[in-house]
2 protein chains.
Amino acid sequence: MRISELSRVTGVPVATVKYYLREGLVPPGRATGATQAQYDDSHVLRLRLARALVQVGGLSVAAARDVLSSLDAAGDSLHLVLGAAHSALPPRLEEDHEPTRALNLAASWGWQVHPEAPALRQLEHALRALDDVGAPADGERLAQYAEAAHRVAEVDVAGVPTTSPEEAATAVVIGTVLWEPVLLALRRLAQEAVSAESLGRPLHDAGSG
Amino acid sequence: MRISELSRVTGVPVATVKYYLREGLVPPGRATGATQAQYDDSHVLRLRLARALVQVGGLSVAAARDVLSSLDAAGDSLHLVLGAAHSALPPRLEEDHEPTRALNLAASWGWQVHPEAPALRQLEHALRALDDVGAPADGERLAQYAEAAHRVAEVDVAGVPTTSPEEAATAVVIGTVLWEPVLLALRRLAQEAVSAESLGRPLHDAGSG
DNA sequence: CATTATTAGAGAGTGCTACTCTCCAAGTGT
DNA sequence: ACACTTGGAGAGTAGCACTCTCTAATAATG
């Protein structure tokens, strides 16, 4: 197919497809002439994945490129793919501190993590932000969060197919990046539901009594 | 204190403090003249909260203003504060579909949610993105996620103080927006830990066998 | 073969956001 | 008195994700 059909099938504007092509999110089509190229189903899938990483996963175009290219070159290790995905995910921290607290917490839960893991710094950053705001994280709440996170992570890892390295790598990226918004949406939904039954009504009624 | 001290104490550049003042994230100081104003501890706290919402929570300046102002006018209902926080949180969806699947799921778990809840549309959007990418969400995984999300939400709601409406409202915002990155970081950390023990080693070894 | 539409590719332009800089009269500290 | 700081507002900047424009080459059609 040509670029206009690729655009029509995916719903991504032609100009944007060209932009993604230029930025390397999508590999070039098979050139059949100086001003002509052919695209196939793999381009369709790749473009959709790129689009989802950017629009749903919240990755910048540059970050999405990194993740997608790690996906190409990753028959070797799924850890590299996971690392690439983690490095690409927001938030992007400009100033970072030594993740001492985060390391201690991870150790206290028996989690074996690389000391340079971006998630460690993200956790440290988030914890310090809670301090600054006058609401430091308490251990109990953190432990509950950690347990929930661990449960989810187990599901994530269990969901990775062992059929082929390519499929596995793609599944890791999807599981890491695209399931994240699912988790956030579910948390917010659950907050609503829980607050409706345990906070909303009592507080509403308590207003006059 | 004057603006330069406010800046020094919080680590936010004077120019940025002025910008936040202009945008209404931080209330004006008590004017003592045409070119002089006094700020106090409440301004310090407010500035830190604004900064955290923007830099850690990922809110836009406009969204942070909305959340913070809902916080001011919310002795009435914590639901309004929660709703404001949820509406302000990314991702910002431009095109949205009817959240039929999300509604069904919520109902199937017995979650009572408002049909117009932003989180519903976010969930619907995320589910469709998974479809597009050729990896539709399976019910089992969703159920596991939902259970984890529900557990976290219960902790969130339980952590809201009942001392005063102001404190409660602030706690809701902090719990919703600033604990979100904590959860994400923990999930990524757990993914690393779990994948190291159950994916990494086997796959590494299997490379040659 | 003539004509019209489409295309690849690259450069430039746009709209938006979050700052950051510049100014200046008014006020402060010594 | 006089250098220095401040509040406030307007203008400028940088980065990002597109989006438009242009050109020569090709495809489609009669």
# chains A, B, ... in the order shown; residues from 1 in each chain; ligands from 1
>>> interface_residues(of="chain D", to="chain B", cutoff="9 Å", atoms="only C-alpha atoms (C1' of nucleotides)", output="PDB file with C-alpha atoms (C1' of nucleotides), in the first residue's frame")
ATOM      1  C1'  DT D   6      10.583  44.572  44.652  1.00  0.00           C
ATOM      2  C1'  DG D   7       5.865  44.017  42.364  1.00  0.00           C
ATOM      3  C1'  DG D   8       3.677  43.782  38.298  1.00  0.00           C
TER       4       DG D   8
END
>>> interface_residues(of="chain B", to="chain A", cutoff="6 Å", atoms="only C-alpha atoms", output="JSON, numbers by chain")
{"B": [48, 49, 111, 112, 113, 119, 122, 123, 126, 133, 148, 149, 150, 153, 182, 185, 186, 187, 188, 189, 190, 191, 193]}
>>> closest_atom_pairs(of="chain C", to="chain A", cutoff="12 Å", atoms="only C-alpha atoms (C1' of nucleotides)", output="CSV")
residue,atom,partner,partner_atom,distance
C:DT6,C1',A:Ser4,CA,8.9
C:DT7,C1',A:Thr35,CA,5.6
C:DA8,C1',A:Thr35,CA,4.4
C:DG9,C1',A:Thr35,CA,8.1
C:DA10,C1',A:Arg22,CA,9.2
>>> select_by_dssp(residues="chain A", states="alpha helix (DSSP H)", output="ChimeraX atom specification")
/A:3-10,14-23,41-55,61-72,78-88,100-108,118-132,139-158,165-173,179-195,201-206
>>> select_by_dssp(residues="region 32-200 of chain A", states="strand (DSSP E or B)", output="list in words")
Thr32, Gly33, Gln36, Ala37 and Gln38 of chain A
>>> atom_distance(atom1="C1' of DG12 (chain D)", atom2="CA of Pro27 (chain B)")
25.6 Å
>>> residues_around(residues="Tyr39 (chain A)", least_positions_apart="6", cutoff="7 Å", atoms="only C-alpha atoms (C1' of nucleotides)", output="count of residues only")
4
>>> atom_distance(atom1="C1' of DC1 (chain C)", atom2="C1' of DA28 (chain D)")
13.7 Å
>>> residues_around(residues="DA14 (chain D)", least_positions_apart="5", cutoff="12 Å", atoms="only C-alpha atoms (C1' of nucleotides)", output="list in words")
DT17, DA18, DC19 and DT20 of chain C
>>> write_last_selection(atoms="C-alpha atoms (C1' of nucleotides)", output="JSON list (two decimals), in the first residue's frame")
[["chain", "number", "residue", "atom", "x", "y", "z"],
["C", 17, "DT", "C1'", 3.17, 25.64, 26.97],
["C", 18, "DA", "C1'", 6.13, 26.91, 30.65],
["C", 19, "DC", "C1'", 8.86, 29.57, 31.77],
["C", 20, "DT", "C1'", 12.36, 33.72, 31.66]]
>>> atom_distance(atom1="CA of Tyr20 (chain A)", atom2="C1' of DC18 (chain D)")
10.0 Å
>>> residues_around(residues="DT4 (chain C)", least_positions_apart="6", cutoff="12 Å", atoms="only C-alpha atoms (C1' of nucleotides)", output="list in words")
DA27, DA28, DT29 and DG30 of chain D
>>> decode(residues="chain D", atoms="C-alpha atoms (C1' of nucleotides)", output="CSV table (one decimal), in the first residue's frame")
chain,number,residue,atom,x,y,z
D,1,DA,C1',20.5,60.8,50.0
D,2,DC,C1',21.3,56.8,47.3
D,3,DA,C1',22.2,52.1,45.9
D,4,DC,C1',19.6,48.0,45.8
D,5,DT,C1',15.4,45.3,45.8
D,6,DT,C1',10.6,44.6,44.7
D,7,DG,C1',5.9,44.0,42.4
D,8,DG,C1',3.7,43.8,38.3
D,9,DA,C1',3.0,43.4,33.6
D,10,DG,C1',4.4,42.8,28.8
D,11,DA,C1',7.4,40.7,25.7
D,12,DG,C1',10.6,37.2,24.5
D,13,DT,C1',12.4,32.3,24.4
D,14,DA,C1',12.9,27.3,23.9
D,15,DG,C1',11.1,22.9,23.0
D,16,DC,C1',7.7,20.0,21.2
D,17,DA,C1',4.5,17.9,18.0
D,18,DC,C1',2.8,18.4,14.4
D,19,DT,C1',1.4,20.7,9.7
D,20,DC,C1',2.3,23.1,5.6
D,21,DT,C1',4.8,24.0,1.3
D,22,DC,C1',7.5,22.9,-2.4
D,23,DT,C1',9.7,20.1,-6.0
D,24,DA,C1',10.6,16.6,-9.1
D,25,DA,C1',9.2,12.0,-10.1
D,26,DT,C1',5.9,8.7,-10.8
D,27,DA,C1',1.3,6.6,-11.5
D,28,DA,C1',-3.3,6.5,-13.5
D,29,DT,C1',-6.3,7.6,-17.2
D,30,DG,C1',-7.9,8.6,-21.9
